[in-house]
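Participant: Here you go, this is final15.txt (compact mmCIF, C-alpha atoms).
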```
# COMPACT_ATOMS: atom_id res chain seq x y z
CA MET A 461 2.56 -83.45 -21.31
CA VAL A 462 3.11 -80.11 -23.00
CA MET A 463 5.27 -79.65 -26.07
CA ALA A 464 8.34 -77.52 -25.45
CA SER A 465 7.43 -75.84 -28.73
CA GLY A 466 3.95 -75.73 -30.16
CA ALA A 467 5.47 -76.13 -33.61
CA GLY A 468 6.88 -79.58 -32.85
CA PRO A 469 8.65 -81.80 -33.59
CA ALA A 470 6.16 -84.65 -33.35
CA THR A 471 5.75 -88.16 -34.72
CA VAL A 472 2.45 -89.41 -36.12
CA SER A 473 1.27 -92.84 -37.18
CA THR A 474 -1.57 -91.78 -39.50
CA LEU A 475 -2.00 -88.94 -41.95
CA ARG A 476 -5.20 -88.02 -40.14
CA GLU A 477 -3.01 -87.35 -37.10
CA ALA A 478 -0.66 -85.29 -39.27
CA GLU A 479 -3.57 -83.20 -40.54
CA GLN A 480 -4.92 -82.66 -37.01
CA PHE A 481 -1.50 -81.73 -35.64
CA ALA A 482 -0.98 -79.34 -38.55
CA ALA A 483 -4.33 -77.70 -37.84
CA GLY A 484 -3.12 -77.19 -34.27
CA GLY A 485 0.02 -75.40 -35.43
CA VAL A 486 2.56 -78.23 -35.35
CA ARG A 487 4.84 -77.77 -38.32
CA ASP A 488 7.63 -80.36 -37.86
CA LEU A 489 6.21 -83.87 -38.34
CA LEU A 490 7.41 -87.36 -39.12
CA TYR A 491 4.89 -89.84 -40.53
CA ALA A 492 6.54 -92.96 -39.14
CA VAL A 493 4.71 -95.65 -41.12
CA GLY A 494 6.01 -96.90 -44.45
CA ILE A 495 4.53 -94.73 -47.18
CA GLY A 496 2.03 -96.05 -49.71
CA PRO A 497 1.95 -94.30 -53.12
CA ASP A 498 -1.76 -93.55 -52.69
CA LYS A 499 -0.95 -91.39 -49.65
CA LEU A 500 1.52 -89.12 -51.41
CA PRO A 501 -1.11 -86.55 -52.55
CA ARG A 502 -2.04 -85.93 -48.90
CA VAL A 503 1.63 -85.66 -47.99
CA LEU A 504 2.11 -83.09 -50.74
CA ALA A 505 -0.97 -81.15 -49.65
CA LEU A 506 0.35 -80.88 -46.10
CA ARG A 507 3.75 -79.78 -47.30
CA ALA A 508 2.17 -77.20 -49.63
CA ALA A 509 0.38 -75.83 -46.55
CA GLY A 510 3.71 -75.16 -44.86
CA VAL A 511 4.11 -78.38 -42.85
CA ASP A 512 7.60 -79.90 -42.83
CA LEU A 513 6.30 -83.45 -43.06
CA SER A 514 8.83 -86.22 -43.66
CA ILE A 515 8.00 -89.80 -44.62
CA VAL A 516 9.49 -93.28 -44.21
CA LEU A 517 10.23 -96.03 -46.70
CA ASP A 518 12.39 -99.14 -47.13
CA SER A 519 12.11 -100.17 -50.80
CA LEU A 520 13.11 -98.98 -54.24
CA ASP A 521 9.49 -99.19 -55.39
CA GLN A 522 8.47 -96.70 -52.71
CA ALA A 523 11.43 -94.49 -53.55
CA ARG A 524 10.49 -94.45 -57.23
CA ALA A 525 6.92 -93.47 -56.36
CA VAL A 526 8.21 -90.62 -54.19
CA VAL A 527 10.56 -89.44 -56.95
CA ALA A 528 7.67 -89.45 -59.46
CA ALA A 529 5.52 -87.43 -57.03
CA CYS A 530 8.34 -84.93 -56.54
CA LYS A 531 8.72 -84.47 -60.30
CA ASP A 532 4.97 -84.11 -60.85
CA SER A 533 4.62 -81.55 -58.06
CA GLN A 534 7.98 -79.85 -58.65
CA SER A 535 8.74 -80.17 -54.94
CA ARG A 536 11.06 -82.15 -52.68
CA ILE A 537 9.61 -84.64 -50.22
CA PRO A 538 11.93 -85.40 -47.27
CA VAL A 539 12.49 -89.10 -46.64
CA LEU A 540 13.94 -91.26 -43.88
CA ILE A 541 15.01 -94.79 -44.79
CA GLU A 542 13.68 -97.31 -42.28
CA ILE A 543 16.27 -99.60 -40.71
CA ASP A 544 15.48 -102.99 -39.16
CA ALA A 545 16.55 -102.95 -35.51
CA ASP A 546 15.50 -106.46 -34.48
CA ASP A 547 13.74 -108.39 -37.25
CA GLN A 548 10.33 -107.51 -35.82
CA ARG A 549 8.72 -105.30 -38.43
CA ALA A 550 9.77 -103.28 -41.46
CA GLY A 551 13.12 -101.89 -42.51
CA LEU A 552 16.45 -102.92 -44.01
CA LEU A 553 19.56 -104.16 -42.28
CA PRO A 554 22.23 -101.43 -42.20
CA ALA A 555 24.61 -103.43 -44.41
CA ASP A 556 21.94 -104.16 -47.02
CA PRO A 557 23.11 -102.60 -50.32
CA ARG A 558 19.56 -101.41 -50.94
CA VAL A 559 20.08 -98.73 -48.28
CA ILE A 560 22.59 -97.03 -50.57
CA GLU A 561 20.56 -97.79 -53.71
CA ILE A 562 17.46 -96.19 -52.20
CA GLY A 563 19.46 -93.21 -51.01
CA ARG A 564 20.92 -92.61 -54.45
CA ALA A 565 17.55 -93.06 -56.17
CA LEU A 566 16.02 -90.41 -53.90
CA VAL A 567 18.82 -87.88 -54.25
CA GLN A 568 19.23 -88.32 -58.00
CA GLY A 569 15.47 -88.24 -58.52
CA GLY A 570 14.93 -84.92 -56.75
CA ALA A 571 13.62 -86.04 -53.36
CA GLU A 572 15.32 -85.07 -50.11
CA LEU A 573 17.18 -87.83 -48.29
CA ARG A 574 16.92 -86.61 -44.73
CA GLY A 575 18.26 -89.61 -42.84
CA VAL A 576 17.44 -92.95 -41.24
CA MET A 577 15.03 -94.15 -38.58
CA THR A 578 14.17 -97.32 -36.70
CA HIS A 579 11.77 -98.68 -34.09
CA SER A 580 12.73 -101.45 -31.69
CA GLY A 581 9.49 -103.42 -31.67
CA GLY A 582 11.36 -106.31 -30.12
CA SER A 583 11.90 -104.29 -26.95
CA TYR A 584 8.26 -104.97 -26.07
CA SER A 585 9.21 -108.62 -25.61
CA GLU A 586 12.06 -107.87 -23.21
CA ALA A 587 11.87 -107.34 -19.46
CA GLY A 588 14.21 -105.95 -16.84
CA MET A 589 16.88 -103.30 -16.94
CA ASP A 590 19.67 -105.34 -18.50
CA ALA A 591 17.54 -106.64 -21.38
CA LEU A 592 16.02 -103.23 -22.10
CA CYS A 593 19.39 -101.51 -22.01
CA ALA A 594 20.70 -104.11 -24.47
CA ALA A 595 17.72 -103.53 -26.77
CA ALA A 596 18.32 -99.78 -26.65
CA GLU A 597 21.97 -100.21 -27.57
CA ALA A 598 21.10 -102.60 -30.41
CA GLU A 599 18.62 -100.04 -31.74
CA ARG A 600 21.20 -97.26 -31.58
CA SER A 601 23.91 -99.38 -33.14
CA VAL A 602 22.00 -100.41 -36.27
CA VAL A 603 20.72 -96.96 -37.11
CA VAL A 604 24.09 -95.28 -36.52
CA SER A 605 25.71 -97.95 -38.70
CA ALA A 606 23.22 -97.24 -41.50
CA ALA A 607 23.87 -93.50 -41.19
CA SER A 608 27.62 -94.13 -41.50
CA ALA A 609 27.04 -96.24 -44.61
CA LEU A 610 25.06 -93.46 -46.28
CA ARG A 611 27.64 -90.82 -45.41
CA GLY A 612 30.40 -93.12 -46.61
CA ALA A 613 28.64 -93.22 -49.98
CA ASP A 614 28.57 -89.39 -50.07
CA LEU A 615 24.86 -89.32 -49.35
CA PRO A 616 23.26 -86.92 -46.86
CA CYS A 617 22.03 -88.14 -43.48
CA SER A 618 21.23 -85.31 -41.09
CA VAL A 619 18.60 -87.22 -39.07
CA VAL A 620 19.37 -90.40 -37.13
CA SER A 621 16.13 -91.31 -35.38
CA VAL A 622 15.35 -94.06 -32.84
CA GLY A 623 12.22 -94.68 -30.88
CA SER A 624 10.18 -96.93 -28.66
CA THR A 625 9.15 -96.26 -25.07
CA PRO A 626 11.21 -99.10 -23.52
CA THR A 627 14.40 -98.18 -25.33
CA ALA A 628 13.91 -94.43 -24.95
CA LEU A 629 13.76 -94.76 -21.18
CA PHE A 630 16.59 -97.30 -20.87
CA ALA A 631 19.12 -95.98 -23.39
CA ARG A 632 22.49 -95.41 -21.75
CA ASP A 633 24.30 -94.09 -24.82
CA LEU A 634 22.80 -92.05 -27.65
CA THR A 635 26.03 -91.24 -29.46
CA GLY A 636 25.27 -90.59 -33.11
CA VAL A 637 21.52 -90.29 -32.56
CA THR A 638 19.83 -86.97 -33.33
CA GLU A 639 16.24 -87.80 -32.41
CA VAL A 640 14.41 -90.06 -29.93
CA ARG A 641 10.73 -90.86 -30.45
CA ALA A 642 8.52 -92.40 -27.76
CA GLY A 643 4.77 -92.36 -27.42
CA VAL A 644 3.13 -94.41 -24.70
CA PHE A 645 5.43 -92.96 -22.01
CA VAL A 646 2.89 -90.13 -21.74
CA PHE A 647 0.45 -92.55 -20.04
CA PHE A 648 2.24 -95.88 -19.61
CA ASP A 649 0.13 -99.06 -19.41
CA LEU A 650 0.16 -102.64 -18.10
CA VAL A 651 2.49 -103.86 -20.83
CA MET A 652 5.05 -101.22 -19.83
CA ALA A 653 4.61 -102.17 -16.17
CA GLY A 654 5.16 -105.81 -17.04
CA LEU A 655 8.43 -104.92 -18.76
CA GLY A 656 9.63 -103.00 -15.72
CA VAL A 657 9.49 -99.67 -17.55
CA CYS A 658 7.06 -98.19 -15.01
CA SER A 659 5.18 -99.13 -11.86
CA ILE A 660 1.44 -99.78 -11.68
CA ASP A 661 1.08 -96.52 -9.76
CA GLU A 662 2.59 -94.60 -12.67
CA ILE A 663 -0.09 -95.65 -15.18
CA ALA A 664 -2.03 -92.47 -15.89
CA ILE A 665 -4.91 -93.80 -17.97
CA SER A 666 -7.93 -95.87 -16.97
CA VAL A 667 -11.42 -96.73 -18.14
CA LEU A 668 -14.20 -95.86 -15.69
CA ALA A 669 -16.79 -98.66 -15.59
CA THR A 670 -19.86 -99.53 -13.59
CA VAL A 671 -20.70 -102.84 -11.91
CA ILE A 672 -23.93 -104.06 -13.51
CA GLY A 673 -24.29 -107.59 -12.18
CA HIS A 674 -22.96 -110.59 -10.30
CA GLN A 675 -22.68 -114.27 -11.13
CA THR A 676 -21.68 -115.38 -7.64
CA ALA A 677 -21.55 -119.12 -8.33
CA LYS A 678 -19.13 -118.50 -11.17
CA GLY A 679 -17.04 -115.97 -9.26
CA TRP A 680 -17.89 -113.21 -11.72
CA ILE A 681 -18.58 -109.49 -11.43
CA LEU A 682 -20.08 -107.96 -14.56
CA ILE A 683 -19.17 -104.45 -15.73
CA ASP A 684 -20.42 -102.28 -18.57
CA ALA A 685 -17.04 -102.18 -20.35
CA GLY A 686 -16.38 -104.84 -22.96
CA TRP A 687 -14.04 -104.91 -25.95
CA THR A 688 -15.60 -101.75 -27.39
CA ALA A 689 -14.22 -99.93 -24.34
CA LEU A 690 -11.10 -101.87 -23.39
CA SER A 691 -10.07 -103.19 -26.82
CA GLN A 692 -9.07 -106.82 -27.32
CA ASP A 693 -5.38 -106.21 -26.77
CA ARG A 694 -3.79 -109.05 -24.79
CA GLY A 695 -0.28 -107.68 -24.66
CA THR A 696 0.38 -108.99 -21.14
CA ALA A 697 -0.54 -112.58 -22.03
CA ARG A 698 3.09 -113.34 -22.89
CA GLN A 699 4.45 -111.65 -19.77
CA ALA A 700 5.16 -113.09 -16.34
CA ILE A 701 1.88 -111.65 -15.03
CA ASP A 702 -1.12 -111.99 -17.33
CA GLN A 703 -3.46 -109.08 -16.65
CA GLY A 704 -6.31 -110.43 -18.77
CA TYR A 705 -8.04 -107.51 -20.48
CA GLY A 706 -7.18 -105.08 -17.70
CA LEU A 707 -6.43 -104.69 -14.01
CA VAL A 708 -9.41 -103.71 -11.84
CA CYS A 709 -9.00 -100.83 -9.36
CA ASP A 710 -11.26 -98.96 -7.01
CA LEU A 711 -12.45 -95.48 -7.87
CA ALA A 712 -9.27 -93.94 -6.47
CA GLY A 713 -7.13 -96.15 -8.69
CA THR A 714 -5.94 -98.66 -6.08
CA PRO A 715 -5.86 -102.18 -7.56
CA TYR A 716 -7.94 -104.92 -6.01
CA ALA A 717 -5.75 -107.93 -5.24
CA ASP A 718 -5.59 -110.29 -8.26
CA LEU A 719 -8.80 -108.88 -9.75
CA ILE A 720 -8.72 -108.63 -13.53
CA VAL A 721 -11.06 -108.50 -16.49
CA THR A 722 -10.86 -112.13 -17.60
CA ARG A 723 -13.26 -111.99 -20.57
CA VAL A 724 -14.86 -109.33 -22.75
CA ASN A 725 -17.93 -109.30 -24.92
CA GLN A 726 -19.00 -106.31 -26.97
CA GLU A 727 -20.42 -104.28 -24.08
CA HIS A 728 -19.86 -106.59 -21.10
CA GLY A 729 -16.69 -107.25 -19.18
CA ILE A 730 -16.36 -110.25 -16.88
CA VAL A 731 -14.29 -109.51 -13.79
CA ALA A 732 -12.84 -112.36 -11.75
CA LEU A 733 -9.81 -113.36 -9.74
CA ARG A 734 -6.84 -114.40 -11.82
CA SER A 735 -6.25 -118.13 -12.13
CA GLY A 736 -4.53 -119.63 -9.11
CA SER A 737 -5.28 -116.72 -6.80
CA SER A 738 -5.87 -117.35 -3.11
CA GLU A 739 -7.65 -114.00 -2.68
CA ARG A 740 -11.37 -113.68 -2.03
CA LEU A 741 -13.62 -112.04 -4.60
CA PRO A 742 -14.32 -108.54 -3.23
CA ASP A 743 -17.87 -107.40 -2.54
CA ILE A 744 -18.43 -104.63 -5.09
CA PRO A 745 -22.13 -103.68 -5.14
CA ILE A 746 -24.10 -103.07 -8.30
CA GLY A 747 -23.78 -99.43 -9.29
CA SER A 748 -20.25 -99.11 -7.91
CA ARG A 749 -17.62 -97.58 -10.14
CA VAL A 750 -14.30 -99.25 -10.85
CA ARG A 751 -11.27 -98.21 -12.89
CA ILE A 752 -9.69 -100.57 -15.40
CA LEU A 753 -6.01 -100.10 -16.17
CA PRO A 754 -5.46 -101.11 -19.81
CA ASN A 755 -2.93 -103.45 -21.34
CA HIS A 756 -2.23 -101.04 -24.19
CA ALA A 757 -2.97 -97.35 -23.72
CA CYS A 758 -3.11 -96.65 -27.46
CA ALA A 759 -5.54 -99.45 -28.30
CA THR A 760 -7.84 -98.51 -25.42
CA ALA A 761 -7.75 -94.74 -25.93
CA THR A 762 -8.76 -95.06 -29.56
CA GLN A 763 -12.11 -96.50 -28.43
CA PHE A 764 -13.09 -93.07 -27.06
CA ASP A 765 -13.56 -89.52 -28.33
CA ARG A 766 -12.19 -87.70 -25.28
CA TYR A 767 -10.08 -87.87 -22.13
CA HIS A 768 -11.43 -86.73 -18.77
CA VAL A 769 -8.53 -85.16 -16.90
CA LEU A 770 -8.44 -85.66 -13.13
CA ASN A 771 -6.57 -83.76 -10.44
CA GLU A 772 -5.03 -85.18 -7.26
CA THR A 773 -8.47 -85.41 -5.60
CA ASP A 774 -10.05 -87.22 -8.57
CA GLU A 775 -12.06 -84.20 -9.70
CA VAL A 776 -12.51 -83.69 -13.44
CA THR A 777 -10.64 -80.50 -14.25
CA ASP A 778 -10.51 -80.65 -18.03
CA MET A 779 -11.66 -82.57 -21.06
CA TRP A 780 -9.38 -83.28 -24.00
CA GLN A 781 -11.01 -84.15 -27.32
CA ARG A 782 -9.38 -86.90 -29.34
CA PHE A 783 -9.95 -88.28 -32.82
CA SER A 784 -9.60 -91.52 -34.74
CA GLY A 785 -9.25 -92.57 -38.33
CA TRP A 786 -6.62 -92.58 -41.03
```
So, in terms of structure tokens, how does the structure I just supplied come out?

Facilitator:
Amino acid sequence: MVMASGAGPATVSTLREAEQFAAGGVRDLLYAVGIGPDKLPRVLALRAAGVDLSIVLDSLDQARAVVAACKDSQSRIPVLIEIDADDQRAGLLPADPRVIEIGRALVQGGAELRGVMTHSGGSYSEAGMDALCAAAEAERSVVVSAASALRGADLPCSVVSVGSTPTALFARDLTGVTEVRAGVFVFFDLVMAGLGVCSIDEIAISVLATVIGHQTAKGWILIDAGWTALSQDRGTARQAIDQGYGLVCDLAGTPYADLIVTRVNQEHGIVALRSGSSERLPDIPIGSRVRILPNHACATATQFDRYHVLNETDEVTDMWQRFSGW
């Protein structure tokens, strides 16, 4: 993926990401995690460096901390009020009177009320087109309703922001929405495939591992990729098809029938046929390479410091550095 504009916009989930993006020339950023007062000095430093960084909150206590920081720094921090789309995470319901109270506190205190945002975390528990379309409409509806409430109270609301990969790709109506955020669509993963958002063939990220042993009597193949490589994310465990800790593919990325990583230790992965399978355990010699498709692209990618980029013939054509931390 290439940004249409190198200046953004972009959404980040840590201030370390914001600082790295800013160093790369991205100037329009949303830090989409509820702000903690201790993080405001870093927010102000980025804004003083010319980055249009906006933040998210959903309480009067946070708003008061932002107002105090604005007064101390003699600057205006742009804020989006987080709206609860589906009772899954943070945010306020659009009819909650605190939405207006927070908006007024920000405006009267010298901060910039930029708008509202939400994230449909519940969409990750849905599956199929009808359910995902309904989740997308529910997400749109609550945030547009909150925006209308703010405007009805003579408060500004120029940004109406929604975002999650399932809803972004299944939204049928974005009336009233000004911004759509989605992240994992860049790679997709097994959770997205289980929801029907993508096919297995469309997953563009894998962990390359080596077969290091066999426990034939147990039906195991051992690989040198444990939870330090694959993460311990079990996002598919609640789906119709449980992919264990990852789906095992050959070097070209073709899945072996019913072969998954069933257990992980720190540096060892145990590969076996999924429970109830009638397939035969494939003969994969020691030293062979396999590719593991991850449950959650984000959780797996953060275990590494770089991506190896492959072309259509599986040759490494580039290497992209990545970073971790907060």

Participant: Got a sec: who's within 10 Å of Asp546 in chain A, counting all atoms listed in the file, leaving out chain neighbours fewer than 3 positions off, as a list of chain:residue names?

Facilitator: A:Ile543, A:Arg549, A:Ala550, A:Gly551, A:Leu553, A:Thr578, A:His579, A:Ser580, A:Gly581, A:Gly582, A:Ser583, A:Ala595, A:Ala598, A:Glu599, A:Val602

Participant: Using only C-alpha atoms, which of the listed residues (A:Val651, A:Val559, A:Val576, A:Leu770) sits closest to Val622 in chain A?

Facilitator: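 Counting only C-alpha atoms, the residue closest to Val622 in chain A is A:Val576.
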
Participant: Record the distance separating CA of Ala505 in chain A and CA of Gly563 in chain A, expressed in Å with one decimal.

Facilitator: 23.8 Å

Participant: Report as an NGL selection string all protein, DNA and RNA residues lying within 10 Å of Pro745 in chain A, evaluated on all atoms listed in the file, omitting residues in the same chain fewer than 6 positions from it.

Facilitator: :A and (670-674 or 681)

Participant: Next, the residues of the selection above should be written as a compact mmCIF listing (two decimals), keeping the file's coordinate frame with C-alpha atoms.

Facilitator:
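Writing done, so here's out20.txt:
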```
# COMPACT_ATOMS: atom_id res chain seq x y z
CA THR A 670 -19.86 -99.53 -13.59
CA VAL A 671 -20.70 -102.84 -11.91
CA ILE A 672 -23.93 -104.06 -13.51
CA GLY A 673 -24.29 -107.59 -12.18
CA HIS A 674 -22.96 -110.59 -10.30
CA ILE A 681 -18.58 -109.49 -11.43
```

Participant: I'd like the interatomic distance between CA of Gly729 in chain A and CA of Gly643 in chain A, to a tenth of an Å.

Facilitator: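 If I compute the distance from CA of Gly729 in chain A to CA of Gly643 in chain A, I get 27.4 Å.
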
Participant: Near Ala664 in chain A, counting all atoms listed in the file, which residues have an atom at most 9 Å away, once you skip same-chain residues fewer than 2 positions from it, shown as an MDAnalysis selection string?

Facilitator: chainID A and resid 646:649 661:662 666 753

Participant: If you measure from CA of Asp743 in chain A to CA of Leu707 in chain A, what distance in Å do you get, rounded to one decimal?

Facilitator: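 The value is 16.4 Å.
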
Participant: Please identify every residue of range 563-616 of chain A that has at least one atom no farther than 12 Å from an atom of range 475-490 of chain A, counting only C-alpha atoms, and for each give the shortest atom pair and the distance in Å to one decimal, arranged by chain then increasing number, as a Markdown table.

Facilitator:
```
| residue | atom | partner | partner_atom | distance |
| --- | --- | --- | --- | --- |
| A:Arg574 | CA | A:Leu490 | CA | 11.1 |
| A:Gly575 | CA | A:Leu490 | CA | 11.7 |
| A:Val576 | CA | A:Leu490 | CA | 11.7 |
| A:Met577 | CA | A:Leu490 | CA | 10.2 |
```

Participant: Using all atoms listed in the file, which residue out of A:Ile746, A:Ala571, A:Met652, A:Leu592 lies closest to Arg632 in chain A?

Facilitator: A:Leu592

Participant: Under the rule that all atoms listed in the file are counted, which of A:Leu610, A:Ala685, A:Ala761, A:Val644 is the nearest residue to Phe783 in chain A?

Facilitator: A:Ala761

Participant: Identify the residues around (11.1, -96.0, -41.1) within a radius of 6 Å, measuring from all atoms listed in the file in the coordinates stated by the file, and give them as a VMD selection string.

Facilitator: chain A and resid 492 516 to 517 541 to 542 577 to 578

Participant: Give me, as a VMD selection string, all polymer residues having an atom no more than 12 Å from Asn725 in chain A, counting all atoms listed in the file and skipping those fewer than 5 positions away in the same chain.

Facilitator: chain A and resid 682 to 692 705 730 to 731

Participant: I'd like the contact shell of range 526-530 of chain A - 12 Å cut-off, all atoms listed in the file, skipping same-chain residues fewer than 2 positions apart - returned as a PyMOL selection string.

Facilitator: chain A and resi 494-505+507+514-524+532-540+562-573

Participant: Find the residue from A:Arg558, A:Ala732, A:Ser601, A:Val724 that sits nearest to Ala677 in chain A; use only C-alpha atoms when measuring.

Facilitator: A:Ala732

Participant: Tell me which of A:Asn771, A:Thr471, A:Ser659, A:Thr627 sits closest to Ala545 in chain A, counting only C-alpha atoms.

Facilitator: A:Thr627

Participant: Determine the nearest neighbour of Arg766 in chain A from the options A:Leu733, A:Ala607, A:Ile701, A:Val667, counting all atoms listed in the file.

Facilitator: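 Smallest distance to Arg766 in chain A is found for A:Val667.
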
Participant: Might I get the box with edges along x, y and z of the file that holds all atoms of range 713-719 of chain A listed there, padded by 4 Å on every side, given as centre and edge lengths in Å to one decimal, as JSON?

Facilitator:
```
{"center_x": -7.2, "center_y": -103.2, "center_z": -7.5, "size_x": 11.2, "size_y": 22.1, "size_z": 12.5}
```
